[in-house]
Amino acid sequence: MTPYDSEPADRLVTAAADGEDQAVEAALRPKLLDEFIGQERVREQLSLVLQAARQRGTAPDHVLLSGPPGLGKTTLSMIIAAELNAPIRITSGPAIQHAGDLAAILSSLTEGEVLFLDEIHRMSRPAEEMLYMAMEDYRVDVIVGKGPGATAIPLELPPFTLVGATTRAGLLPPPLRDRFGFTGHMEFYAPAELERVVHRSAALLDVEIDPAGAAEIAGRSRGTPRIANRLLRRVRDYAQVKHDGVVDRAIAAQALQVYEVDARGLDRLDRAVLDALIRLFGGGPVGLSTLAVAVGEEAETVEEVAEPFLVREGLLARTPRGRIATPAAWQHLGLTPPVQTGPARAVSGRGPRGPVPAQSDLFGAVEEP
Ligand SMILES: Nc1ncnc2c1ncn2[C@@H]1O[C@H](COP(=O)(O)OP(=O)(O)OP(=O)(O)O)[C@@H](O)[C@H]1O
Ligand SMILES: [Mg+2]
């Protein structure tokens with residue numbers, strides 16, 4: 001499943017899990033909090049919540065984990081259960097169509113069990129309302145019958161811990177959000193953290209890799225462990241088929257060039273957008289639909305699939321007058337950004353930082369090894 005319907009199915013740098021990811025992820029998931037790399041703040045806060053609950057011998061507060069796909073929400077929820085030595089029940093918002101589905105799950109929980117509700121923002125309204133009461137009072141009302149004769153039979157639940165995960169925390173109704181005692185916001189990973197993820201996964205997959213090779217993969221992984229693991233697998237294939245299986249910087253770079261993932265983690269689509277924006281429209285501003293036609297994609301694909309990462313990387317800006325390429329985008333394509341004057345600078349909101357480097361410096365800076 002991809003987060004956007006408009007995303008090409010075979011995209012190597014998608015943060016969403018494909019079939020292969022799902023098959024191998026179980027083996028690559030850290031099992032305990034100490035093995036979980038990065039997310040220092042969430043990890044420390046969570047560790048306190050769990051320790052305190054263990055000391056008191058009670059189920060901890062309900063936990064909400066929010067953040068973009070592939071950053072470790074599912075992994076953390078399983079760690080929570082493991083750290084509590086508690087069983088875990090796994091379900092998801094879309095799987096709960098009716099309140100009755102949820103009632104069936106809740107009423108079969110055992111004391112202290114962890115209920116992991118993935119994509120909690122996609123639960124139906126009636127189920128959501130049932131969940132409010134279950135979270136707060138450990139009770140559900142099971143409705144028997146229909147119409148005026150319907151009666152609500154209250155059902156006591158054992159204390160349990162709900163762990164909700166969402167990529168869209170903003171879509172959660174406030175009453176639901178407020179019922180979580182702890183919310184962990186997952187952030188994109190720093191390159192050094194992703195290097196550790198790559199080393200760890202390489203060890204589990206029996207891939208020999210040197211530090212420069214791991215750094216090369218980490219730098220192209222868009223801050224996302226799932227992408228780092230996927231790129232590692234493609235690099236492993238290349239190293240095995242074309243070389244002796246050992247991964248160093250040159251082999252990682254060559255392999256990812258074959259798969260069209262560049263030094264900053266941009267793929268063919270991302271680069272096509274920047275290329276059109278700069279070479280056809282002089283860096284913009286240009287409207288989304290025009291830009292989409294120029295790259296031969298749907299406007300939705302450009303907006304939802306390519307742009308978020310380009311904006312995050314500071315390569316593209318959305319302005320009221322249209323999309324513009326930032327000086328960093330020109331430099332990334334090995335071009336000299338035009339010297340901006342007053343109005344353009346005001347539109348972009350970010351003037352060029354310092355003098356524009358000479359063309360030769362730029363090529364030196366962006367050229368691949
Ligand atoms: N901190 C981490 N340390 C090591 N590996 C990690 C870490 N976070 C995530 N991973 C790896 O990344 C993969 C994806 O993580 P996970 O499935 O937990 O992401 P998610 O946030 O649940 O994504 P989604 O929103 O798509 O459900 C896992 O296979 C796991 O091995
Ligand atoms: Mg998940």
# chains A, B, ... in the order shown; residues from 1 in each chain; ligands from 1
>>> residues_near_ligand(ligand="ligand 1", cutoff="9 Å", atoms="only C-alpha atoms and all ligand atoms", output="ChimeraX atom specification")
/A:1-3,15-17,21-22,24-30,33,35-39,65-78,118-119,165-167,186,189,193-194,196-198,200-201,224-229
>>> residues_around(residues="Ala99 of chain A", least_positions_apart="4", cutoff="10 Å", atoms="only C-alpha atoms", output="PyMOL selection string")
chain A and resi 103-104+123-131+142-143
>>> closest_residue(among="A:Glu208, A:Asp18, A:Glu304, A:Asp10", to="ligand 2", atoms="only C-alpha atoms and all ligand atoms")
A:Asp18
>>> select_by_dssp(residues="segment 202-369 of chain A", states="alpha helix (DSSP H)", output="PyMOL selection string")
chain A and resi 202-205+211-219+225-242+249-258+268-275+288-295+299-300+307-312+327-332+342-348+359-366
>>> residues_around(residues="Ala81 of chain A", least_positions_apart="2", cutoff="10 Å", atoms="only C-alpha atoms", output="VMD selection string")
chain A and resid 31 to 32 50 76 to 79 83 to 89 112 to 116 161 163
>>> residues_around(residues="Leu12 of chain A", least_positions_apart="3", cutoff="9 Å", atoms="only C-alpha atoms", output="PDB file with C-alpha atoms, in the first residue's frame")
ATOM      1  CA  ALA A   9       3.882   1.313  -7.820  1.00  0.00           C
ATOM      2  CA  ALA A  15       8.412   5.518   2.183  1.00  0.00           C
ATOM      3  CA  ILE A 227      14.123   3.324   2.468  1.00  0.00           C
ATOM      4  CA  ARG A 230      15.377  -1.177   0.764  1.00  0.00           C
ATOM      5  CA  LEU A 231      18.355   0.568  -0.851  1.00  0.00           C
ATOM      6  CA  TYR A 259      18.405   2.445  -9.844  1.00  0.00           C
ATOM      7  CA  GLU A 260      18.375   6.202 -10.556  1.00  0.00           C
ATOM      8  CA  VAL A 261      18.545   7.285  -6.924  1.00  0.00           C
ATOM      9  CA  ASP A 267      14.706   9.643  -8.069  1.00  0.00           C
TER      10      ASP A 267
END
>>> closest_atom_pairs(of="segment 158-253 of chain A", to="segment 40-48 of chain A", cutoff="10 Å", atoms="only C-alpha atoms", output="JSON lines")
{"residue": "A:Phe182", "atom": "CA", "partner": "A:Leu46", "partner_atom": "CA", "distance": 8.0}
{"residue": "A:Thr183", "atom": "CA", "partner": "A:Val42", "partner_atom": "CA", "distance": 8.5}
{"residue": "A:Gly184", "atom": "CA", "partner": "A:Val42", "partner_atom": "CA", "distance": 5.4}
{"residue": "A:His185", "atom": "CA", "partner": "A:Val42", "partner_atom": "CA", "distance": 6.9}
{"residue": "A:Met186", "atom": "CA", "partner": "A:Val42", "partner_atom": "CA", "distance": 7.2}
{"residue": "A:Glu187", "atom": "CA", "partner": "A:Val42", "partner_atom": "CA", "distance": 9.3}
>>> atom_distance(atom1="atom CA of Gly322 of chain A", atom2="atom CA of Pro285 of chain A")
4.6 Å
>>> residues_around(residues="Glu195 of chain A", least_positions_apart="4", cutoff="9 Å", atoms="only C-alpha atoms", output="ChimeraX atom specification")
/A:190-191,199-200,211,214-219,228
>>> select_by_dssp(residues="segment 46-80 of chain A", states="strand (DSSP E or B)", output="PDB file with N, CA and C atoms, in the first residue's frame")
ATOM      1  N   VAL A  63      -0.730   5.102  24.329  1.00  0.00           N
ATOM      2  CA  VAL A  63       0.358   5.756  23.599  1.00  0.00           C
ATOM      3  C   VAL A  63      -0.061   6.016  22.157  1.00  0.00           C
ATOM      4  N   LEU A  64       0.179   7.233  21.690  1.00  0.00           N
ATOM      5  CA  LEU A  64      -0.054   7.549  20.284  1.00  0.00           C
ATOM      6  C   LEU A  64       1.290   7.816  19.610  1.00  0.00           C
ATOM      7  N   LEU A  65       1.542   7.152  18.497  1.00  0.00           N
ATOM      8  CA  LEU A  65       2.769   7.381  17.748  1.00  0.00           C
ATOM      9  C   LEU A  65       2.406   8.004  16.411  1.00  0.00           C
ATOM     10  N   SER A  66       2.953   9.192  16.148  1.00  0.00           N
ATOM     11  CA  SER A  66       2.597   9.846  14.892  1.00  0.00           C
ATOM     12  C   SER A  66       3.848  10.194  14.113  1.00  0.00           C
TER      13      SER A  66
END
>>> decode(residues="segment 310-342 of chain A", atoms="N, CA and C atoms", output="PDB file, in the first residue's frame")
ATOM      1  N   LEU A 310      10.923  17.411  -2.144  1.00  0.00           N
ATOM      2  CA  LEU A 310      11.671  18.527  -2.721  1.00  0.00           C
ATOM      3  C   LEU A 310      11.542  19.776  -1.846  1.00  0.00           C
ATOM      4  N   VAL A 311      10.344  19.978  -1.298  1.00  0.00           N
ATOM      5  CA  VAL A 311      10.138  21.122  -0.406  1.00  0.00           C
ATOM      6  C   VAL A 311      10.936  20.929   0.883  1.00  0.00           C
ATOM      7  N   ARG A 312      10.861  19.716   1.415  1.00  0.00           N
ATOM      8  CA  ARG A 312      11.577  19.402   2.661  1.00  0.00           C
ATOM      9  C   ARG A 312      13.075  19.621   2.501  1.00  0.00           C
ATOM     10  N   GLU A 313      13.568  19.297   1.318  1.00  0.00           N
ATOM     11  CA  GLU A 313      14.999  19.438   1.053  1.00  0.00           C
ATOM     12  C   GLU A 313      15.383  20.871   0.696  1.00  0.00           C
ATOM     13  N   GLY A 314      14.397  21.753   0.620  1.00  0.00           N
ATOM     14  CA  GLY A 314      14.694  23.137   0.256  1.00  0.00           C
ATOM     15  C   GLY A 314      15.090  23.291  -1.197  1.00  0.00           C
ATOM     16  N   LEU A 315      14.572  22.413  -2.066  1.00  0.00           N
ATOM     17  CA  LEU A 315      14.905  22.495  -3.494  1.00  0.00           C
ATOM     18  C   LEU A 315      13.796  23.179  -4.281  1.00  0.00           C
ATOM     19  N   LEU A 316      12.595  23.120  -3.759  1.00  0.00           N
ATOM     20  CA  LEU A 316      11.446  23.686  -4.457  1.00  0.00           C
ATOM     21  C   LEU A 316      10.594  24.430  -3.435  1.00  0.00           C
ATOM     22  N   ALA A 317      10.007  25.540  -3.872  1.00  0.00           N
ATOM     23  CA  ALA A 317       9.104  26.259  -2.975  1.00  0.00           C
ATOM     24  C   ALA A 317       7.761  26.456  -3.661  1.00  0.00           C
ATOM     25  N   ARG A 318       6.700  26.360  -2.861  1.00  0.00           N
ATOM     26  CA  ARG A 318       5.359  26.636  -3.380  1.00  0.00           C
ATOM     27  C   ARG A 318       5.036  28.072  -3.009  1.00  0.00           C
ATOM     28  N   THR A 319       4.738  28.897  -4.014  1.00  0.00           N
ATOM     29  CA  THR A 319       4.417  30.288  -3.739  1.00  0.00           C
ATOM     30  C   THR A 319       3.048  30.579  -4.331  1.00  0.00           C
ATOM     31  N   PRO A 320       2.449  31.689  -3.934  1.00  0.00           N
ATOM     32  CA  PRO A 320       1.127  32.024  -4.484  1.00  0.00           C
ATOM     33  C   PRO A 320       1.168  32.137  -6.014  1.00  0.00           C
ATOM     34  N   ARG A 321       2.332  32.451  -6.580  1.00  0.00           N
ATOM     35  CA  ARG A 321       2.392  32.621  -8.040  1.00  0.00           C
ATOM     36  C   ARG A 321       2.789  31.332  -8.756  1.00  0.00           C
ATOM     37  N   GLY A 322       3.100  30.301  -8.007  1.00  0.00           N
ATOM     38  CA  GLY A 322       3.479  29.030  -8.633  1.00  0.00           C
ATOM     39  C   GLY A 322       4.711  28.435  -7.988  1.00  0.00           C
ATOM     40  N   ARG A 323       5.187  27.354  -8.587  1.00  0.00           N
ATOM     41  CA  ARG A 323       6.356  26.668  -8.046  1.00  0.00           C
ATOM     42  C   ARG A 323       7.632  27.359  -8.495  1.00  0.00           C
ATOM     43  N   ILE A 324       8.595  27.468  -7.590  1.00  0.00           N
ATOM     44  CA  ILE A 324       9.901  27.988  -7.986  1.00  0.00           C
ATOM     45  C   ILE A 324      11.006  27.043  -7.510  1.00  0.00           C
ATOM     46  N   ALA A 325      12.085  27.037  -8.296  1.00  0.00           N
ATOM     47  CA  ALA A 325      13.266  26.265  -7.917  1.00  0.00           C
ATOM     48  C   ALA A 325      14.148  27.151  -7.063  1.00  0.00           C
ATOM     49  N   THR A 326      14.658  26.646  -5.965  1.00  0.00           N
ATOM     50  CA  THR A 326      15.558  27.425  -5.121  1.00  0.00           C
ATOM     51  C   THR A 326      16.974  27.354  -5.709  1.00  0.00           C
ATOM     52  N   PRO A 327      17.858  28.236  -5.286  1.00  0.00           N
ATOM     53  CA  PRO A 327      19.242  28.152  -5.768  1.00  0.00           C
ATOM     54  C   PRO A 327      19.837  26.757  -5.539  1.00  0.00           C
ATOM     55  N   ALA A 328      19.462  26.108  -4.441  1.00  0.00           N
ATOM     56  CA  ALA A 328      20.003  24.763  -4.168  1.00  0.00           C
ATOM     57  C   ALA A 328      19.600  23.771  -5.262  1.00  0.00           C
ATOM     58  N   ALA A 329      18.422  23.975  -5.844  1.00  0.00           N
ATOM     59  CA  ALA A 329      17.969  23.077  -6.915  1.00  0.00           C
ATOM     60  C   ALA A 329      18.844  23.252  -8.155  1.00  0.00           C
ATOM     61  N   TRP A 330      19.130  24.509  -8.489  1.00  0.00           N
ATOM     62  CA  TRP A 330      20.013  24.765  -9.633  1.00  0.00           C
ATOM     63  C   TRP A 330      21.351  24.082  -9.386  1.00  0.00           C
ATOM     64  N   GLN A 331      21.860  24.279  -8.202  1.00  0.00           N
ATOM     65  CA  GLN A 331      23.169  23.702  -7.883  1.00  0.00           C
ATOM     66  C   GLN A 331      23.112  22.186  -7.939  1.00  0.00           C
ATOM     67  N   HIS A 332      21.995  21.606  -7.492  1.00  0.00           N
ATOM     68  CA  HIS A 332      21.892  20.151  -7.502  1.00  0.00           C
ATOM     69  C   HIS A 332      21.951  19.605  -8.929  1.00  0.00           C
ATOM     70  N   LEU A 333      21.424  20.368  -9.879  1.00  0.00           N
ATOM     71  CA  LEU A 333      21.472  19.933 -11.280  1.00  0.00           C
ATOM     72  C   LEU A 333      22.775  20.373 -11.956  1.00  0.00           C
ATOM     73  N   GLY A 334      23.678  20.977 -11.171  1.00  0.00           N
ATOM     74  CA  GLY A 334      24.960  21.392 -11.730  1.00  0.00           C
ATOM     75  C   GLY A 334      24.871  22.690 -12.513  1.00  0.00           C
ATOM     76  N   LEU A 335      23.872  23.513 -12.183  1.00  0.00           N
ATOM     77  CA  LEU A 335      23.692  24.777 -12.909  1.00  0.00           C
ATOM     78  C   LEU A 335      23.926  25.953 -11.977  1.00  0.00           C
ATOM     79  N   THR A 336      24.232  27.112 -12.584  1.00  0.00           N
ATOM     80  CA  THR A 336      24.420  28.308 -11.773  1.00  0.00           C
ATOM     81  C   THR A 336      23.086  29.015 -11.602  1.00  0.00           C
ATOM     82  N   PRO A 337      22.651  29.222 -10.354  1.00  0.00           N
ATOM     83  CA  PRO A 337      21.387  29.932 -10.161  1.00  0.00           C
ATOM     84  C   PRO A 337      21.507  31.356 -10.674  1.00  0.00           C
ATOM     85  N   PRO A 338      20.423  31.889 -11.241  1.00  0.00           N
ATOM     86  CA  PRO A 338      20.470  33.278 -11.699  1.00  0.00           C
ATOM     87  C   PRO A 338      20.612  34.187 -10.483  1.00  0.00           C
ATOM     88  N   VAL A 339      21.255  35.317 -10.669  1.00  0.00           N
ATOM     89  CA  VAL A 339      21.369  36.263  -9.560  1.00  0.00           C
ATOM     90  C   VAL A 339      19.997  36.872  -9.366  1.00  0.00           C
ATOM     91  N   GLN A 340      19.424  36.669  -8.167  1.00  0.00           N
ATOM     92  CA  GLN A 340      18.051  37.118  -7.961  1.00  0.00           C
ATOM     93  C   GLN A 340      18.014  38.580  -7.568  1.00  0.00           C
ATOM     94  N   THR A 341      16.986  39.243  -8.069  1.00  0.00           N
ATOM     95  CA  THR A 341      16.799  40.643  -7.713  1.00  0.00           C
ATOM     96  C   THR A 341      15.552  40.761  -6.861  1.00  0.00           C
ATOM     97  N   GLY A 342      15.348  41.960  -6.332  1.00  0.00           N
ATOM     98  CA  GLY A 342      14.300  42.242  -5.357  1.00  0.00           C
ATOM     99  C   GLY A 342      13.050  41.372  -5.372  1.00  0.00           C
TER     100      GLY A 342
END
